Structure formats: structure tokens, C-alpha cells
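Following: one structure in C-alpha cells, then a few remarks.
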Amino acid sequence: MPYVKLKIVVPITRMSGKLEHLASWLERLPDDDFTVTLVHDIGDEETSFELKELIKKIKNEKITLEEGRFGSPGIARNKGLKILDFEWINFSDSDDLVDVSQILKMVDNSRPDTEILVGDYWVDSGSDKSLRADSSSKDPFKSVSLNPGIWRMVFRRDVVENFEFINAKMAEDQHFLLQLGYFTRKVQFMPNIVYTYFSSFQGQATQNAKAVSEISKVIPLTLNFLSTSEKRSKKYVTVLYVRQIITEFMNSKSYSLSRAVIILAKRIFSLDIKNSIIFTWAIASVIESKVKK
């Protein structure tokens, strides 16, 4: 099977009238060895029509469209992941901007033993735009555990070929990273700005109460990974776990950050001293990141 250097997989659902960001970067694709697989999780016929019209307008053979009823972004991503016709793979979202040229530069400049690449990215709130530079962080793994969006990451084929995303509409990407053993992998953080994340885009999973409620599916799985994680990765997995619990509480009808902290504190007291220190550090890190936002 011939391999392309890079494959970008983009899950899409119910995006009728909101494809402007996707169209923007698809219309400016560079001439290089890569493909883009759009995976439409059919929720309405209008989105299907608009995607087909967009592809017809762009006329680029690098872009293909797969359609089906998948039920979650993770299962949609699996559609593109299971065809192992790539050397590196990226999973982007349909409501953001992707800089394919910068992703390709990361791949071209990666070390021979690198398994996962992580680029820098913009966060656009609508009223403000700020750069998030994991590459210059004193603790880049901590930065990822606090902001674990996989869209600014690129994975080597042999790292992901035996794994799949789970059927959840929230935190399924975090579970994917834990399956891969992300925090023990050879990760290369690079200064290329590869992505613009729109934090206020209408229809995002993070703004959808039903989607956020599905994080409860992932929390017990994260706890399982935490209980078996290696020493060097335990504190980062703990941050993910704490982050998920606080996210669940902050989006519940009985929202109370203090209540979430109390529940987490009770767990601290059930741990030995060494693990309780890690847990306390994780809680403080997550709360600090939420306050900064």
C-alpha cells in the first residue's frame, strides 16, 4: 500500500451554514504529499449537500469525503484511522483553522525517533487572540494535560495503528492519548503554529450540555489508567482526571466548583502521602488554569 506523508482526518456533524472555517483552509492547501479525509457523521442532509458542493468547488484530489452514521466524533475519526495509508496522522476539528504547511514542516523537521509531534496554536475567543506555546513551556507535558486538544498533534502510524477512539462525545481524545501511553512516548514539541482554536464557536461540544454529560463515561476509564500509570506520567494523568471531574461539575445543573473540590479532597485523604501530594498539585494546577482563562 502506498503511504502519504500526512493524513488529516476531520469529523463533521450538523455544520450546515457553519463551514466557513473549514472552507478557508481547504481552499489554501499546499502542493505536498498529504491527504484530507472529511468524515461526515450524518445528522442532517443540508450539511451533506454543502460538503459535496464545497468539494466540487475546490476540485482538489487530496480531499475525500466519507459519510455514515457514527454517533460521535471518535467513531467518525476511526473511519479515517482504520485505513493505514499514511506515515503521520492528524485529527482536526471542522470548526477551526488548520495550517497544513506548518504541520508538514513539523513532520519534515522531526527527529528520526519521534513518535508524536506537538505544535503551538492560537486561541481565538472572538474578542481576543492569544498564542499557546507548549514548545516554550517549562513543563510541556503539564501544558498538554491542562489543554489536551489532539488537533495540534501529529502521530506516527505505528503509534496509533492498534488503537481506536471510544464512543463518547467528550474527552474521547483524552482517552485516546492515555491508550497510547502519551506521557511516556517520545514527544517532540515544536514552535510551528499549526492551528487556530475558536473557543466561542457556536455548536462546540464543550458548549453542548448533552455532550459534556458524556464525560462521565470517560472518568472511570481515566481512573483506571491513573491506577496503573508509571511514576513519570502519574502526575499528568492525575491532572487529566481532576480536569474531567471539575469539567463535569462546572457543566452540571448543580454547578459548584467548591463541591467538586470537596469531592476531590475526600479522595486525597484516602491516598497515601506521596499520591496525595500529586493529587493536590493536580487540583491546584487545574484550578489555576481555569482562573487564568
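Every chain in the C-alpha cells takes a letter, A first, then B, and so on in the order presented; its residues are numbered from 1, and the ligands are numbered from 1 following the presented order.
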
Write out as a PyMOL selection string all residues of stretch 34-189 of chain A that DSSP puts in alpha helix (DSSP H) for this structure's backbone.
chain A and resi 45-58+73-81+100-108+140-146+157-160+172-180

So that I can check the surroundings of A:Tyr121, please list as a list in words every protein, DNA and RNA residue that reaches within 9 Å of it, counting only C-alpha atoms and ignoring chain neighbours fewer than 5 positions away.
Ser130, Leu131, Arg132, Ala133, Asp134, Arg152, Asn192, Ile193, Val194, Tyr195, Thr196 and Tyr197 of chain A

Need to verify the contact set: A:Arg77, 8 Å, only C-alpha atoms, exclusion of same-chain residues closer than 4 positions in sequence. Can you return it as a ChimeraX atom specification?
/A:9-11,39,73,81,91,165

Same residues, N, CA and C atoms, saved as a PDB file, in the first residue's frame:
ATOM      1  N   VAL A   9      -7.562  13.868   9.309  1.00  0.00           N
ATOM      2  CA  VAL A   9      -8.923  13.354   9.427  1.00  0.00           C
ATOM      3  C   VAL A   9      -9.780  14.384  10.164  1.00  0.00           C
ATOM      4  N   VAL A  10     -10.905  14.745   9.555  1.00  0.00           N
ATOM      5  CA  VAL A  10     -11.772  15.791  10.119  1.00  0.00           C
ATOM      6  C   VAL A  10     -13.196  15.254  10.294  1.00  0.00           C
ATOM      7  N   PRO A  11     -13.640  14.983  11.541  1.00  0.00           N
ATOM      8  CA  PRO A  11     -15.036  14.582  11.756  1.00  0.00           C
ATOM      9  C   PRO A  11     -15.956  15.795  11.667  1.00  0.00           C
ATOM     10  N   VAL A  39     -14.911  13.235   7.355  1.00  0.00           N
ATOM     11  CA  VAL A  39     -15.816  12.148   7.748  1.00  0.00           C
ATOM     12  C   VAL A  39     -17.098  12.771   8.283  1.00  0.00           C
ATOM     13  N   PRO A  73     -17.763  11.961  17.474  1.00  0.00           N
ATOM     14  CA  PRO A  73     -16.578  12.326  16.691  1.00  0.00           C
ATOM     15  C   PRO A  73     -15.496  11.251  16.728  1.00  0.00           C
ATOM     16  N   LEU A  81      -8.998   6.542  10.455  1.00  0.00           N
ATOM     17  CA  LEU A  81      -7.832   5.934  11.092  1.00  0.00           C
ATOM     18  C   LEU A  81      -7.590   4.501  10.630  1.00  0.00           C
ATOM     19  N   PHE A  91      -5.652  14.705  13.658  1.00  0.00           N
ATOM     20  CA  PHE A  91      -7.107  14.741  13.807  1.00  0.00           C
ATOM     21  C   PHE A  91      -7.522  16.178  14.132  1.00  0.00           C
ATOM     22  N   PHE A 165     -10.638   5.291  18.846  1.00  0.00           N
ATOM     23  CA  PHE A 165     -11.342   6.202  19.738  1.00  0.00           C
ATOM     24  C   PHE A 165     -12.581   5.503  20.287  1.00  0.00           C
TER      25      PHE A 165
END

When you look at A:Leu223 with a cut-off of 9 Å (counting only C-alpha atoms), what residues show up, excluding the ones that are within fewer than 3 positions of it in the same chain? I need them as a CSV table (one decimal) with N, CA and C atoms, in the first residue's frame.
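Resulting contents of part-v5.csv:
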chain,number,residue,atom,x,y,z
A,218,VAL,N,-16.1,8.6,30.6
A,218,VAL,CA,-14.6,8.6,30.5
A,218,VAL,C,-13.9,8.6,31.8
A,219,ILE,N,-14.5,9.3,32.8
A,219,ILE,CA,-13.9,9.5,34.1
A,219,ILE,C,-13.5,8.2,34.7
A,220,PRO,N,-14.3,7.1,34.8
A,220,PRO,CA,-13.9,5.9,35.4
A,220,PRO,C,-12.7,5.2,34.6
A,226,LEU,N,-5.0,5.9,35.7
A,226,LEU,CA,-4.3,6.5,36.8
A,226,LEU,C,-3.7,5.5,37.7
A,227,SER,N,-4.5,4.5,38.0
A,227,SER,CA,-4.1,3.4,39.0
A,227,SER,C,-3.0,2.6,38.4
A,228,THR,N,-2.8,2.5,37.1
A,228,THR,CA,-1.7,1.7,36.5
A,228,THR,C,-0.6,2.5,35.9
A,237,VAL,N,-1.4,12.3,34.3
A,237,VAL,CA,-2.7,11.6,34.2
A,237,VAL,C,-3.7,12.1,35.3
A,238,THR,N,-3.1,12.4,36.5
A,238,THR,CA,-3.9,12.9,37.6
A,238,THR,C,-4.5,14.3,37.2
A,241,TYR,N,-7.5,13.6,35.0
A,241,TYR,CA,-8.6,13.1,35.9
A,241,TYR,C,-9.3,14.2,36.6

What's around A:Thr37 at 12 Å? Count only C-alpha atoms, leave out sequence neighbours fewer than 6 positions away in its own chain, and write the answer as an MDAnalysis selection string.
chainID A and resid 6:12 26 51 55 60:67 76:83 85:86 89:94

Apply DSSP to the structure's backbone, then extract all residues of stretch 124-157 of chain A labelled strand (DSSP E or B) and return them as a PyMOL selection string.
chain A and resi 124+129-132+153-156

File of the preceding selection, N, CA and C atoms, as a PDB file, in the first residue's frame:
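The result, stored in out_4.pdb:
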ATOM      1  N   ASP A 124      -8.677  31.751  19.758  1.00  0.00           N
ATOM      2  CA  ASP A 124      -9.442  32.928  19.347  1.00  0.00           C
ATOM      3  C   ASP A 124     -10.796  32.891  20.057  1.00  0.00           C
ATOM      4  N   LYS A 129      -7.220  37.185  20.856  1.00  0.00           N
ATOM      5  CA  LYS A 129      -6.488  36.077  20.260  1.00  0.00           C
ATOM      6  C   LYS A 129      -5.156  35.933  20.989  1.00  0.00           C
ATOM      7  N   SER A 130      -4.887  34.741  21.521  1.00  0.00           N
ATOM      8  CA  SER A 130      -3.659  34.541  22.281  1.00  0.00           C
ATOM      9  C   SER A 130      -2.934  33.290  21.813  1.00  0.00           C
ATOM     10  N   LEU A 131      -1.607  33.321  21.892  1.00  0.00           N
ATOM     11  CA  LEU A 131      -0.780  32.192  21.460  1.00  0.00           C
ATOM     12  C   LEU A 131      -0.526  31.254  22.630  1.00  0.00           C
ATOM     13  N   ARG A 132      -0.757  29.981  22.418  1.00  0.00           N
ATOM     14  CA  ARG A 132      -0.425  28.952  23.407  1.00  0.00           C
ATOM     15  C   ARG A 132       0.801  28.195  22.885  1.00  0.00           C
ATOM     16  N   MET A 153      -1.651  17.995  17.389  1.00  0.00           N
ATOM     17  CA  MET A 153      -0.705  16.881  17.461  1.00  0.00           C
ATOM     18  C   MET A 153      -0.688  16.079  16.163  1.00  0.00           C
ATOM     19  N   VAL A 154       0.447  15.441  15.904  1.00  0.00           N
ATOM     20  CA  VAL A 154       0.596  14.562  14.757  1.00  0.00           C
ATOM     21  C   VAL A 154       1.208  13.265  15.254  1.00  0.00           C
ATOM     22  N   PHE A 155       0.625  12.130  14.851  1.00  0.00           N
ATOM     23  CA  PHE A 155       1.023  10.832  15.373  1.00  0.00           C
ATOM     24  C   PHE A 155       1.639   9.964  14.276  1.00  0.00           C
ATOM     25  N   ARG A 156       2.750   9.312  14.596  1.00  0.00           N
ATOM     26  CA  ARG A 156       3.340   8.370  13.656  1.00  0.00           C
ATOM     27  C   ARG A 156       2.434   7.139  13.545  1.00  0.00           C
TER      28      ARG A 156
END

Using 12 Å as the limit and counting only C-alpha atoms, can you tabulate each residue of stretch 110-130 of chain A that touches stretch 167-185 of chain A, with its shortest atom-to-atom distance in Å and the two atoms involved, as a Markdown table?
| residue | atom | partner | partner_atom | distance |
| --- | --- | --- | --- | --- |
| A:Asp113 | CA | A:Arg185 | CA | 10.2 |
| A:Thr114 | CA | A:Arg185 | CA | 8.4 |
| A:Glu115 | CA | A:Arg185 | CA | 6.6 |
| A:Ile116 | CA | A:Arg185 | CA | 7.4 |
| A:Leu117 | CA | A:Arg185 | CA | 10.4 |
| A:Val118 | CA | A:Tyr182 | CA | 11.4 |

So, counting only C-alpha atoms, which residue among A:Ser200, A:Ser72, A:Ser289, A:Ser145 is closest to A:Asp128?
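Looking at the shortest contact to A:Asp128, the residue is A:Ser200.
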
What does the distance between atom CA of A:Tyr236 and atom CA of A:Gly74 come to in Å, to one decimal place?
22.3 Å

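Each of A:Pro140, A:Ser199, A:Glu164, A:Lys52 was checked against A:Val123 using only C-alpha atoms; the smallest atom-to-atom distance is that of A:Ser199.
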
Return the single residue from A:Ile278, A:Ala284, A:Ile58, A:Leu104 that is closest to A:Lys231, with distances computed using only C-alpha atoms.
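Among A:Ile278, A:Ala284, A:Ile58, A:Leu104, it is A:Ile278 that comes nearest to A:Lys231.
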
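When only C-alpha atoms are used to compute distances to A:Val212, the closest of the residues A:Leu240, A:Met250, A:Asn224, A:Trp281 turns out to be A:Met250.
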
Pick from A:Phe141, A:Phe34, A:Ile166, A:Ser101: nearest to A:Ser233, with only C-alpha atoms counted?
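Ranked by minimum distance to A:Ser233, first place goes to A:Phe141.
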